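*Asks:* Attaching a single structure in structure tokens format; questions to follow.
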Protein chains: 2
Amino acid sequence: MIRIGICGYGNLGKGVESAIKQNDDLELVAVFTRRNPADLKILTPNVKVYNISEIESFKDKIDVMILCGGSATDLPKQTPELAKWFNVIDSFDTHANIYNHYLNVDKASKANDKTAIISVGWDPGMFSLNRLYASSVLVDGKDYTFWGKGVSQGHSDAIRRIEGVLDAKQYTIPVEEALIGARSGNNPDLTTRQKHTRECFVVLKDESYAEKVEKKIKEMPNYFADYDTTVHFISLEELKKNHSGIPHGGFVIRSGRTGWNLENKHVIEYSLKLDSNPEFTGSVLVAYARACYKMNKEGIRGCNTVMDVAPKYLSNLSTEEILKHLV
Amino acid sequence: MIRIGICGYGNLGKGVESAIKQNDDLELVAVFTRRNPADLKILTPNVKVYNISEIESFKDKIDVMILCGGSATDLPKQTPELAKWFNVIDSFDTHANIYNHYLNVDKASKANDKTAIISVGWDPGMFSLNRLYASSVLVDGKDYTFWGKGVSQGHSDAIRRIEGVLDAKQYTIPVEEALIGARSGNNPDLTTRQKHTRECFVVLKDESYAEKVEKKIKEMPNYFADYDTTVHFISLEELKKNHSGIPHGGFVIRSGRTGWNLENKHVIEYSLKLDSNPEFTGSVLVAYARACYKMNKEGIRGCNTVMDVAPKYLSNLSTEEILKHLV
């Protein structure tokens, strides 16, 4: 049994917990939190919750620690820190800072003979893999990544911070014509606005805020200004009834040309349709936790991303089973 | 520059040759054939064709040999033989015999300090990878592989061997309703007949054969008897005009459930739409030739499949570039 720890118990931590239950070779040993452990109810029977201050004492009791904190402030600090004592996995997803994070975690894990895998999930993660495989095979081509339809947590939060807003949910939606263009093999140039629209469901504290809130959303730089954005004002009841899920998904499409005179077109497409973003991400993390354990056993040290992990490590099947049933 | 040899110059060998041209870090050194080299015209200027009997003399001049023979009789013999002198890549695609082939090639390559990657292409190959990634992430789920729409060489050949047939092309076509079922997340059981239909375009030597040929095709065990098969008789002119391409493609779909009570559904889909099956397969082979070279440099020995190859090895980008642009 591979002994797993979960550090951080929000939506993602819960997703990881459920995924561990689905894998016979994995065992949840403990959950760590910054909150008061007594206040936290977890789902797995007979597993205890500890304050994060006690985590070092588990260094010989846990094979892989899965970090479920946020990318803004938690993981840049926690992953290198915990890599001193544990093999670690995280889902660090600030694309622009992945290389720096990699260097920090690599240093800490190598110095302590540990194995780390960062930026695991679906983007970064499964989508990254598909960008690499597709671009390595179709050298003369073009990549398209589309997100959605799904809930963007960051954009929903940004709306909630506007004065007069009680609650909000934001959906990112790929534009159908842009998808068709990407699949055509004609390699169209597509702007941000052409690829996605944004749809917002907003509960106001008071109806009088409506005009101001709509304007603030639509003009918000980075978040909404570059997109065609629709704002719907709804009741709290309706928000809870129809928008409480956390679905997501998306598409990675590469079209390219081959042949002596580049006369033939090809399209590679990978897509995800997810009812629960955190549960799917948790499932990816758990598969890579298995890989992390096996790689550490084989003497591989330091920081890795999904690009460094041979696919076989994700499976609990033997080489013979993989060759007979999956290849 | 990575020095590449091509062994076998049919459609696949030509596809590999074109793919090498698209990659700046790869160089075609020589083509080997069982035919009389003087009879073979290749596309790359200043590269010579040799009889396969001379291949051993190139053992220090070629970094990776790409074997482009057939899986029925060529590769089971050639790959282990050539693994004595070269790092080798093949596209061995008889799924039932991959494990045996692996053992044979592993023995030969390990004994001679070489690196081999077998069963590279799209199925086996890219489709295998997607079956493994998806089933490792969505543990509680179901896989569906669909092929087509595309030309099946084996089925076309089988029709050509029937008495009275001058030429033929066979298309494998996924059934739209079956695809919808696989994507629904409801994990339907689908029989062979429900997943694909087969469409045959046949040129007869003489119209009088029509009835017999159609019956022979539709009742042919393994090839057609288990499918809904349509037979069209056309002229040689029409066959050449409308059916001379070698398109193919397909879908790997996995649907699965997550959550403490398996309450959420997810669908992962990978698809290919290829104008030229041999050129795409050739492009995959060439990317794995790069991987083979790098893995050999890093001291990895013996036989591998796509499952053993960390994705980074396929790319000619540095770790820093991969982390900054693809992850």
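Lettering and numbering for the structure tokens are positional, with chains as A, B, ... in the shown order, residues counted from 1 in each chain, and ligands counted from 1 in the shown order.
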Residues of chain B that approach chain A to 7 Å or less, counting only C-alpha atoms: could you list each one with the shortest pair of atoms and its distance in Å to one decimal, rows by chain and increasing residue number, as CSV?

*Replies:*
```
residue,atom,partner,partner_atom,distance
B:Gly15,CA,A:Gly259,CA,6.9
B:Ser18,CA,A:Trp260,CA,5.0
B:Ala19,CA,A:Thr258,CA,6.9
B:Gln22,CA,A:Val139,CA,6.8
B:Ala96,CA,A:Lys324,CA,6.9
B:Ile98,CA,A:Leu323,CA,6.5
B:Tyr99,CA,A:Leu323,CA,5.6
B:Pro124,CA,A:Val327,CA,5.6
B:Gly125,CA,A:Val327,CA,6.9
B:Ser128,CA,A:Val327,CA,4.5
B:Arg131,CA,A:Leu326,CA,6.2
B:Leu132,CA,A:Leu326,CA,6.3
B:Tyr133,CA,A:Pro311,CA,6.9
B:Ser136,CA,A:Ser315,CA,5.4
B:Val137,CA,A:Val284,CA,5.2
B:Leu138,CA,A:Ser283,CA,6.9
B:Val139,CA,A:Gln22,CA,6.7
B:Thr258,CA,A:Glu279,CA,6.4
B:Gly259,CA,A:Ser18,CA,5.4
B:Trp260,CA,A:Ser18,CA,5.0
B:Asn264,CA,A:Asp275,CA,5.5
B:Lys265,CA,A:Asp275,CA,5.5
B:His266,CA,A:Leu274,CA,4.5
B:Val267,CA,A:Lys273,CA,5.1
B:Ile268,CA,A:Leu272,CA,4.8
B:Glu269,CA,A:Ser271,CA,5.2
B:Tyr270,CA,A:Tyr270,CA,4.4
B:Ser271,CA,A:Glu269,CA,5.2
B:Leu272,CA,A:Ile268,CA,4.8
B:Lys273,CA,A:Val267,CA,5.1
B:Leu274,CA,A:His266,CA,4.5
B:Asp275,CA,A:Lys265,CA,5.5
B:Ser276,CA,A:Asn264,CA,6.4
B:Glu279,CA,A:Thr258,CA,6.4
B:Ser283,CA,A:Val137,CA,5.4
B:Val284,CA,A:Val137,CA,5.2
B:Ala287,CA,A:Val137,CA,5.9
B:Met307,CA,A:Pro311,CA,5.0
B:Asp308,CA,A:Ala310,CA,5.2
B:Val309,CA,A:Ala310,CA,5.1
B:Ala310,CA,A:Ala310,CA,3.9
B:Pro311,CA,A:Met307,CA,5.0
B:Lys312,CA,A:Met307,CA,5.0
B:Leu314,CA,A:Ser136,CA,6.0
B:Ser315,CA,A:Ser136,CA,5.4
B:Glu320,CA,A:Tyr99,CA,6.8
B:Leu323,CA,A:Tyr99,CA,5.6
B:Lys324,CA,A:Tyr99,CA,6.2
B:Leu326,CA,A:Ser128,CA,5.6
B:Val327,CA,A:Ser128,CA,4.5
```

*Asks:* Would you mind exporting the chosen residues as a CSV table (one decimal), in the first residue's frame, restricted to N, CA and C atoms?

*Replies:*
```
chain,number,residue,atom,x,y,z
B,15,GLY,N,6.8,8.1,-45.7
B,15,GLY,CA,6.2,9.0,-44.6
B,15,GLY,C,7.3,9.5,-43.7
B,18,SER,N,9.7,12.1,-45.3
B,18,SER,CA,9.1,13.4,-45.3
B,18,SER,C,9.1,14.0,-43.9
B,19,ALA,N,8.9,13.2,-42.9
B,19,ALA,CA,8.9,13.7,-41.5
B,19,ALA,C,10.3,14.1,-41.1
B,22,GLN,N,11.1,17.6,-41.9
B,22,GLN,CA,10.4,18.6,-41.1
B,22,GLN,C,11.1,18.9,-39.8
B,96,ALA,N,-2.0,-8.6,-30.4
B,96,ALA,CA,-1.9,-9.8,-29.6
B,96,ALA,C,-0.5,-10.3,-29.4
B,98,ILE,N,2.4,-8.2,-29.2
B,98,ILE,CA,3.3,-7.1,-28.8
B,98,ILE,C,4.2,-7.6,-27.7
B,99,TYR,N,3.6,-8.3,-26.7
B,99,TYR,CA,4.4,-8.7,-25.5
B,99,TYR,C,5.5,-9.6,-25.9
B,124,PRO,N,-1.1,0.7,-32.4
B,124,PRO,CA,-0.6,1.1,-31.1
B,124,PRO,C,0.2,2.4,-31.2
B,125,GLY,N,0.2,3.2,-30.1
B,125,GLY,CA,1.0,4.4,-30.1
B,125,GLY,C,0.2,5.5,-29.3
B,128,SER,N,-2.8,4.1,-27.6
B,128,SER,CA,-2.4,3.4,-26.4
B,128,SER,C,-2.1,4.3,-25.2
B,131,ARG,N,-5.4,5.5,-23.8
B,131,ARG,CA,-6.1,4.5,-23.0
B,131,ARG,C,-5.4,4.4,-21.6
B,132,LEU,N,-4.1,4.5,-21.6
B,132,LEU,CA,-3.4,4.4,-20.3
B,132,LEU,C,-3.7,5.6,-19.4
B,133,TYR,N,-3.5,6.8,-20.0
B,133,TYR,CA,-3.7,8.0,-19.2
B,133,TYR,C,-5.1,8.1,-18.6
B,136,SER,N,-6.0,5.4,-16.0
B,136,SER,CA,-5.3,5.7,-14.7
B,136,SER,C,-5.9,6.8,-13.9
B,137,VAL,N,-6.5,7.8,-14.6
B,137,VAL,CA,-7.1,8.9,-14.0
B,137,VAL,C,-8.6,8.6,-13.6
B,138,LEU,N,-9.3,8.0,-14.6
B,138,LEU,CA,-10.7,7.7,-14.3
B,138,LEU,C,-10.8,6.2,-14.0
B,139,VAL,N,-10.5,5.8,-12.8
B,139,VAL,CA,-10.4,4.3,-12.5
B,139,VAL,C,-11.7,3.6,-12.7
B,258,THR,N,-16.5,9.8,-10.5
B,258,THR,CA,-15.7,10.2,-9.3
B,258,THR,C,-16.7,10.6,-8.2
B,259,GLY,N,-16.1,10.9,-7.1
B,259,GLY,CA,-16.9,11.4,-5.9
B,259,GLY,C,-17.0,10.3,-4.9
B,260,TRP,N,-17.3,10.7,-3.7
B,260,TRP,CA,-17.4,9.7,-2.6
B,260,TRP,C,-18.4,8.6,-2.9
B,264,ASN,N,-20.4,12.0,-9.8
B,264,ASN,CA,-20.0,12.8,-10.9
B,264,ASN,C,-19.5,12.1,-12.1
B,265,LYS,N,-19.9,12.5,-13.3
B,265,LYS,CA,-19.4,11.9,-14.5
B,265,LYS,C,-18.4,12.7,-15.2
B,266,HIS,N,-17.5,12.1,-16.0
B,266,HIS,CA,-16.5,12.8,-16.7
B,266,HIS,C,-16.3,12.0,-18.0
B,267,VAL,N,-16.0,12.7,-19.1
B,267,VAL,CA,-15.6,12.1,-20.4
B,267,VAL,C,-14.3,12.7,-20.9
B,268,ILE,N,-13.4,11.8,-21.2
B,268,ILE,CA,-12.1,12.2,-21.8
B,268,ILE,C,-12.2,11.6,-23.3
B,269,GLU,N,-11.9,12.5,-24.2
B,269,GLU,CA,-11.9,12.0,-25.6
B,269,GLU,C,-10.7,12.5,-26.4
B,270,TYR,N,-10.1,11.6,-27.1
B,270,TYR,CA,-8.9,11.9,-28.0
B,270,TYR,C,-9.3,11.5,-29.4
B,271,SER,N,-9.0,12.3,-30.3
B,271,SER,CA,-9.4,11.9,-31.7
B,271,SER,C,-8.3,12.4,-32.7
B,272,LEU,N,-8.3,11.6,-33.8
B,272,LEU,CA,-7.4,11.9,-34.9
B,272,LEU,C,-8.1,12.0,-36.2
B,273,LYS,N,-7.8,12.9,-37.0
B,273,LYS,CA,-8.4,13.0,-38.3
B,273,LYS,C,-7.2,13.2,-39.3
B,274,LEU,N,-6.9,12.2,-40.0
B,274,LEU,CA,-5.6,12.1,-40.7
B,274,LEU,C,-5.8,12.0,-42.3
B,275,ASP,N,-5.2,12.9,-43.0
B,275,ASP,CA,-5.3,12.8,-44.5
B,275,ASP,C,-4.4,11.7,-45.0
B,276,SER,N,-3.3,11.4,-44.3
B,276,SER,CA,-2.4,10.4,-44.7
B,276,SER,C,-2.0,9.5,-43.5
B,279,GLU,N,1.9,9.0,-43.5
B,279,GLU,CA,2.7,10.2,-43.1
B,279,GLU,C,2.6,10.5,-41.7
B,283,SER,N,5.5,10.5,-38.9
B,283,SER,CA,5.8,11.6,-38.0
B,283,SER,C,5.9,11.2,-36.5
B,284,VAL,N,5.0,10.2,-36.1
B,284,VAL,CA,5.1,9.7,-34.8
B,284,VAL,C,6.5,9.0,-34.6
B,287,ALA,N,9.4,11.4,-34.1
B,287,ALA,CA,9.5,12.0,-32.8
B,287,ALA,C,10.0,11.0,-31.8
B,307,MET,N,4.7,3.6,-23.5
B,307,MET,CA,4.4,3.7,-22.1
B,307,MET,C,5.7,4.0,-21.3
B,308,ASP,N,6.8,3.7,-21.8
B,308,ASP,CA,8.1,3.8,-21.0
B,308,ASP,C,8.8,5.1,-21.3
B,309,VAL,N,8.3,5.9,-22.3
B,309,VAL,CA,9.0,7.1,-22.7
B,309,VAL,C,8.4,8.3,-22.1
B,310,ALA,N,9.2,9.0,-21.3
B,310,ALA,CA,8.8,10.3,-20.7
B,310,ALA,C,8.5,11.3,-21.8
B,311,PRO,N,7.4,11.9,-21.8
B,311,PRO,CA,7.0,12.8,-22.9
B,311,PRO,C,8.1,13.8,-23.4
B,312,LYS,N,8.8,14.3,-22.4
B,312,LYS,CA,9.9,15.3,-22.7
B,312,LYS,C,10.9,14.9,-23.8
B,314,LEU,N,10.4,13.4,-26.5
B,314,LEU,CA,9.9,13.6,-27.9
B,314,LEU,C,10.2,15.0,-28.4
B,315,SER,N,10.3,15.9,-27.6
B,315,SER,CA,10.5,17.3,-28.0
B,315,SER,C,11.9,17.7,-28.2
B,320,GLU,N,13.6,24.1,-19.9
B,320,GLU,CA,13.2,25.5,-19.6
B,320,GLU,C,12.1,25.9,-20.6
B,323,LEU,N,8.8,24.0,-19.9
B,323,LEU,CA,8.2,24.5,-18.7
B,323,LEU,C,7.5,25.9,-19.0
B,324,LYS,N,8.2,26.7,-19.8
B,324,LYS,CA,7.7,28.0,-20.0
B,324,LYS,C,6.6,28.1,-21.1
B,326,LEU,N,4.9,25.0,-22.8
B,326,LEU,CA,4.0,23.9,-23.0
B,326,LEU,C,3.3,23.4,-21.8
B,327,VAL,N,3.9,23.4,-20.6
B,327,VAL,CA,3.3,23.0,-19.4
B,327,VAL,C,2.1,23.9,-19.1
```

*Asks:* Write out as a list in words which residues come within 12 Å of Thr192 in chain A when counting only C-alpha atoms, dropping same-chain ones fewer than 3 positions away.

*Replies:*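 Returned residues: Tyr144, Thr145, Phe146, Trp147, Thr172, Ile173, Pro174, Val175, Ala178, Asp189, Lys195, His196, Thr197, Arg198, Asn222, Tyr223, Phe224, Ala225, Asp226, Tyr227 and Asp228 of chain A.
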
*Asks:* Based on the selection just made, write N, CA and C atoms of those residues as a short mmCIF file (atom, residue, chain, number, x, y, z; two decimals), in the first residue's frame.

*Replies:*
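Generated file (again22.cif):
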```cif
data_model
loop_
_atom_site.label_atom_id
_atom_site.label_comp_id
_atom_site.auth_asym_id
_atom_site.auth_seq_id
_atom_site.Cartn_x
_atom_site.Cartn_y
_atom_site.Cartn_z
N TYR A 144 -4.24 25.05 -30.40
CA TYR A 144 -5.36 25.83 -29.85
C TYR A 144 -5.78 25.20 -28.53
N THR A 145 -5.84 26.00 -27.47
CA THR A 145 -6.41 25.52 -26.22
C THR A 145 -7.68 26.32 -25.94
N PHE A 146 -8.77 25.61 -25.71
CA PHE A 146 -10.05 26.23 -25.33
C PHE A 146 -10.42 25.73 -23.94
N TRP A 147 -10.97 26.60 -23.12
CA TRP A 147 -11.45 26.17 -21.81
C TRP A 147 -12.96 26.28 -21.75
N THR A 172 -16.92 30.18 -18.34
CA THR A 172 -16.13 30.41 -19.54
C THR A 172 -16.66 29.45 -20.61
N ILE A 173 -16.94 29.99 -21.79
CA ILE A 173 -17.59 29.19 -22.84
C ILE A 173 -16.81 29.31 -24.14
N PRO A 174 -16.37 28.19 -24.71
CA PRO A 174 -15.68 28.26 -26.00
C PRO A 174 -16.67 28.65 -27.10
N VAL A 175 -16.21 29.44 -28.06
CA VAL A 175 -17.06 29.86 -29.17
C VAL A 175 -17.08 28.76 -30.24
N ALA A 178 -15.16 29.22 -33.46
CA ALA A 178 -13.70 29.17 -33.27
C ALA A 178 -13.24 27.72 -33.20
N ASP A 189 -5.85 32.34 -37.35
CA ASP A 189 -5.44 33.11 -36.17
C ASP A 189 -6.69 33.48 -35.40
N LYS A 195 -12.20 33.36 -29.23
CA LYS A 195 -12.16 31.98 -28.75
C LYS A 195 -13.14 31.67 -27.60
N HIS A 196 -13.37 32.65 -26.73
CA HIS A 196 -14.21 32.39 -25.56
C HIS A 196 -15.18 33.53 -25.29
N THR A 197 -16.34 33.18 -24.75
CA THR A 197 -17.22 34.20 -24.18
C THR A 197 -17.33 33.92 -22.68
N ARG A 198 -17.79 34.93 -21.95
CA ARG A 198 -17.94 34.77 -20.50
C ARG A 198 -19.37 35.09 -20.09
N ASN A 222 -8.11 42.51 -17.89
CA ASN A 222 -7.62 41.13 -17.79
C ASN A 222 -8.76 40.10 -17.64
N TYR A 223 -9.67 40.35 -16.70
CA TYR A 223 -10.70 39.37 -16.44
C TYR A 223 -11.81 39.35 -17.50
N PHE A 224 -12.35 40.54 -17.84
CA PHE A 224 -13.53 40.55 -18.71
C PHE A 224 -13.44 41.50 -19.92
N ALA A 225 -12.61 42.53 -19.82
CA ALA A 225 -12.60 43.57 -20.86
C ALA A 225 -12.31 43.02 -22.25
N ASP A 226 -11.52 41.95 -22.33
CA ASP A 226 -11.16 41.40 -23.64
C ASP A 226 -12.14 40.36 -24.18
N TYR A 227 -13.27 40.18 -23.50
CA TYR A 227 -14.22 39.13 -23.89
C TYR A 227 -15.61 39.71 -24.10
N ASP A 228 -16.41 38.99 -24.89
CA ASP A 228 -17.84 39.29 -24.95
C ASP A 228 -18.46 38.68 -23.70
#
```

*Asks:* Near range 155-159 of chain A, counting only C-alpha atoms, which residues have an atom at most 10 Å away, once you skip same-chain residues fewer than 4 positions from it, shown as number ranges by chain?

*Replies:* A: 151, 163-172, 198, 200-202, 213-214, 216-217, 220, 222-224

*Asks:* Would you export the selected residues with N, CA and C atoms as a PDB file, in the first residue's frame, please?

*Replies:*
```pdb
ATOM      1  N   VAL A 151     -16.896  26.551 -14.849  1.00  0.00           N
ATOM      2  CA  VAL A 151     -16.850  27.616 -13.852  1.00  0.00           C
ATOM      3  C   VAL A 151     -15.403  28.036 -13.621  1.00  0.00           C
ATOM      4  N   GLU A 163     -18.530  45.942  -5.253  1.00  0.00           N
ATOM      5  CA  GLU A 163     -19.497  46.475  -4.292  1.00  0.00           C
ATOM      6  C   GLU A 163     -20.929  46.225  -4.766  1.00  0.00           C
ATOM      7  N   GLY A 164     -21.764  45.723  -3.874  1.00  0.00           N
ATOM      8  CA  GLY A 164     -23.161  45.474  -4.208  1.00  0.00           C
ATOM      9  C   GLY A 164     -23.446  44.038  -4.604  1.00  0.00           C
ATOM     10  N   VAL A 165     -22.374  43.213  -4.757  1.00  0.00           N
ATOM     11  CA  VAL A 165     -22.567  41.821  -5.167  1.00  0.00           C
ATOM     12  C   VAL A 165     -22.601  40.918  -3.929  1.00  0.00           C
ATOM     13  N   LEU A 166     -23.637  40.071  -3.869  1.00  0.00           N
ATOM     14  CA  LEU A 166     -23.772  39.147  -2.749  1.00  0.00           C
ATOM     15  C   LEU A 166     -23.067  37.830  -3.071  1.00  0.00           C
ATOM     16  N   ASP A 167     -23.291  37.348  -4.307  1.00  0.00           N
ATOM     17  CA  ASP A 167     -22.647  36.096  -4.728  1.00  0.00           C
ATOM     18  C   ASP A 167     -22.628  36.067  -6.260  1.00  0.00           C
ATOM     19  N   ALA A 168     -21.780  35.201  -6.835  1.00  0.00           N
ATOM     20  CA  ALA A 168     -21.697  35.157  -8.298  1.00  0.00           C
ATOM     21  C   ALA A 168     -21.029  33.873  -8.773  1.00  0.00           C
ATOM     22  N   LYS A 169     -21.382  33.494  -9.992  1.00  0.00           N
ATOM     23  CA  LYS A 169     -20.750  32.347 -10.652  1.00  0.00           C
ATOM     24  C   LYS A 169     -20.454  32.752 -12.098  1.00  0.00           C
ATOM     25  N   GLN A 170     -19.253  32.472 -12.562  1.00  0.00           N
ATOM     26  CA  GLN A 170     -18.886  32.862 -13.918  1.00  0.00           C
ATOM     27  C   GLN A 170     -18.542  31.629 -14.741  1.00  0.00           C
ATOM     28  N   TYR A 171     -19.103  31.537 -15.941  1.00  0.00           N
ATOM     29  CA  TYR A 171     -18.795  30.427 -16.849  1.00  0.00           C
ATOM     30  C   TYR A 171     -17.968  30.920 -18.032  1.00  0.00           C
ATOM     31  N   THR A 172     -16.919  30.178 -18.336  1.00  0.00           N
ATOM     32  CA  THR A 172     -16.127  30.411 -19.541  1.00  0.00           C
ATOM     33  C   THR A 172     -16.661  29.452 -20.606  1.00  0.00           C
ATOM     34  N   ARG A 198     -17.789  34.935 -21.947  1.00  0.00           N
ATOM     35  CA  ARG A 198     -17.936  34.769 -20.497  1.00  0.00           C
ATOM     36  C   ARG A 198     -19.368  35.093 -20.093  1.00  0.00           C
ATOM     37  N   CYS A 200     -21.981  35.511 -16.794  1.00  0.00           N
ATOM     38  CA  CYS A 200     -21.933  35.723 -15.347  1.00  0.00           C
ATOM     39  C   CYS A 200     -23.334  35.658 -14.757  1.00  0.00           C
ATOM     40  N   PHE A 201     -23.487  34.934 -13.675  1.00  0.00           N
ATOM     41  CA  PHE A 201     -24.746  34.881 -12.931  1.00  0.00           C
ATOM     42  C   PHE A 201     -24.489  35.545 -11.582  1.00  0.00           C
ATOM     43  N   VAL A 202     -25.191  36.689 -11.368  1.00  0.00           N
ATOM     44  CA  VAL A 202     -24.845  37.548 -10.242  1.00  0.00           C
ATOM     45  C   VAL A 202     -26.057  37.773  -9.338  1.00  0.00           C
ATOM     46  N   VAL A 213     -22.800  47.480 -11.407  1.00  0.00           N
ATOM     47  CA  VAL A 213     -22.125  46.179 -11.336  1.00  0.00           C
ATOM     48  C   VAL A 213     -21.868  45.641 -12.745  1.00  0.00           C
ATOM     49  N   GLU A 214     -22.881  45.735 -13.605  1.00  0.00           N
ATOM     50  CA  GLU A 214     -22.720  45.227 -14.972  1.00  0.00           C
ATOM     51  C   GLU A 214     -21.570  45.938 -15.687  1.00  0.00           C
ATOM     52  N   LYS A 216     -19.024  47.527 -14.244  1.00  0.00           N
ATOM     53  CA  LYS A 216     -17.757  47.148 -13.601  1.00  0.00           C
ATOM     54  C   LYS A 216     -17.250  45.798 -14.089  1.00  0.00           C
ATOM     55  N   ILE A 217     -18.160  44.841 -14.219  1.00  0.00           N
ATOM     56  CA  ILE A 217     -17.758  43.507 -14.697  1.00  0.00           C
ATOM     57  C   ILE A 217     -17.219  43.612 -16.119  1.00  0.00           C
ATOM     58  N   MET A 220     -13.800  45.219 -16.535  1.00  0.00           N
ATOM     59  CA  MET A 220     -12.701  44.789 -15.674  1.00  0.00           C
ATOM     60  C   MET A 220     -11.513  44.313 -16.522  1.00  0.00           C
ATOM     61  N   ASN A 222      -8.107  42.512 -17.887  1.00  0.00           N
ATOM     62  CA  ASN A 222      -7.624  41.126 -17.787  1.00  0.00           C
ATOM     63  C   ASN A 222      -8.761  40.103 -17.644  1.00  0.00           C
ATOM     64  N   TYR A 223      -9.670  40.354 -16.703  1.00  0.00           N
ATOM     65  CA  TYR A 223     -10.704  39.371 -16.436  1.00  0.00           C
ATOM     66  C   TYR A 223     -11.814  39.348 -17.499  1.00  0.00           C
ATOM     67  N   PHE A 224     -12.353  40.543 -17.838  1.00  0.00           N
ATOM     68  CA  PHE A 224     -13.533  40.554 -18.707  1.00  0.00           C
ATOM     69  C   PHE A 224     -13.442  41.495 -19.916  1.00  0.00           C
TER      70      PHE A 224
END
```

*Asks:* Which residue, B:Ala182, B:Ile89, B:Val231, B:Asp143, has the smallest gap to Gln194 in chain B when you use only C-alpha atoms?

*Replies:* B:Ala182

*Asks:* Would you list the contacts of Ala289 in chain B as a PyMOL selection string, taking every protein, DNA or RNA residue within 9 Å and counting only C-alpha atoms, but skipping same-chain residues closer than 3 positions in sequence?

*Replies:* chain B and resi 2+4+63-66+87-89+117+284-286+292-294+314

*Asks:* Please provide the set of residues having any atom within 8 Å of range 46-55 of chain B, restricted to only C-alpha atoms, with same-chain residues fewer than 6 positions apart removed, written as a PyMOL selection string.

*Replies:* chain B and resi 7+28-38+40

*Asks:* Would you output that residue set with N, CA, C and O atoms, as an mmCIF file, in the first residue's frame?

*Replies:*
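Done, and the output landed in selection33.cif:
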```cif
data_model
loop_
_atom_site.group_PDB
_atom_site.id
_atom_site.type_symbol
_atom_site.label_atom_id
_atom_site.label_comp_id
_atom_site.auth_asym_id
_atom_site.auth_seq_id
_atom_site.Cartn_x
_atom_site.Cartn_y
_atom_site.Cartn_z
ATOM 1 N N CYS B 7 14.781 1.604 -42.859
ATOM 2 C CA CYS B 7 14.864 0.244 -43.384
ATOM 3 C C CYS B 7 13.498 -0.160 -43.924
ATOM 4 O O CYS B 7 12.563 -0.410 -43.156
ATOM 5 N N LEU B 28 18.678 12.342 -42.463
ATOM 6 C CA LEU B 28 18.587 11.010 -43.082
ATOM 7 C C LEU B 28 19.951 10.633 -43.658
ATOM 8 O O LEU B 28 20.514 11.369 -44.475
ATOM 9 N N VAL B 29 20.477 9.478 -43.225
ATOM 10 C CA VAL B 29 21.807 9.047 -43.647
ATOM 11 C C VAL B 29 21.736 8.056 -44.810
ATOM 12 O O VAL B 29 22.514 8.136 -45.760
ATOM 13 N N ALA B 30 20.789 7.126 -44.728
ATOM 14 C CA ALA B 30 20.696 6.097 -45.769
ATOM 15 C C ALA B 30 19.351 5.393 -45.700
ATOM 16 O O ALA B 30 18.702 5.362 -44.649
ATOM 17 N N VAL B 31 18.933 4.839 -46.854
ATOM 18 C CA VAL B 31 17.723 4.021 -46.932
ATOM 19 C C VAL B 31 18.143 2.611 -47.319
ATOM 20 O O VAL B 31 19.001 2.439 -48.197
ATOM 21 N N PHE B 32 17.579 1.603 -46.667
ATOM 22 C CA PHE B 32 17.913 0.203 -46.948
ATOM 23 C C PHE B 32 16.691 -0.521 -47.490
ATOM 24 O O PHE B 32 15.574 -0.310 -47.016
ATOM 25 N N THR B 33 16.932 -1.373 -48.484
ATOM 26 C CA THR B 33 15.824 -2.067 -49.139
ATOM 27 C C THR B 33 16.226 -3.494 -49.495
ATOM 28 O O THR B 33 17.410 -3.792 -49.651
ATOM 29 N N ARG B 34 15.220 -4.363 -49.625
ATOM 30 C CA ARG B 34 15.486 -5.716 -50.110
ATOM 31 C C ARG B 34 15.536 -5.745 -51.633
ATOM 32 O O ARG B 34 15.970 -6.698 -52.244
ATOM 33 N N ARG B 35 14.989 -4.676 -52.248
ATOM 34 C CA ARG B 35 14.982 -4.596 -53.702
ATOM 35 C C ARG B 35 16.387 -4.219 -54.208
ATOM 36 O O ARG B 35 17.298 -3.972 -53.417
ATOM 37 N N ASN B 36 16.503 -4.138 -55.515
ATOM 38 C CA ASN B 36 17.739 -3.655 -56.105
ATOM 39 C C ASN B 36 17.822 -2.144 -55.875
ATOM 40 O O ASN B 36 16.967 -1.398 -56.347
ATOM 41 N N PRO B 37 18.815 -1.666 -55.124
ATOM 42 C CA PRO B 37 18.892 -0.236 -54.780
ATOM 43 C C PRO B 37 18.808 0.669 -56.009
ATOM 44 O O PRO B 37 18.257 1.771 -55.929
ATOM 45 N N ALA B 38 19.331 0.193 -57.113
ATOM 46 C CA ALA B 38 19.327 1.023 -58.326
ATOM 47 C C ALA B 38 17.899 1.294 -58.815
ATOM 48 O O ALA B 38 17.638 2.290 -59.489
ATOM 49 N N LEU B 40 15.367 2.004 -56.943
ATOM 50 C CA LEU B 40 14.606 2.807 -55.979
ATOM 51 C C LEU B 40 14.986 4.276 -56.078
ATOM 52 O O LEU B 40 16.148 4.643 -55.922
#
```

*Asks:* Applying 9 Å and only C-alpha atoms, which residues near Gly181 in chain A remain after dropping the ones on its own chain fewer than 6 positions away? List them as an NGL selection string.

*Replies:* :A and (187-188 or 190)

*Asks:* If you run DSSP on this backbone, which residues of range 169-254 of chain A come out as helix (DSSP H, G or I), and could you give them as an NGL selection string?

*Replies:* :A and (176-183 or 192-195 or 207-219 or 236-242)
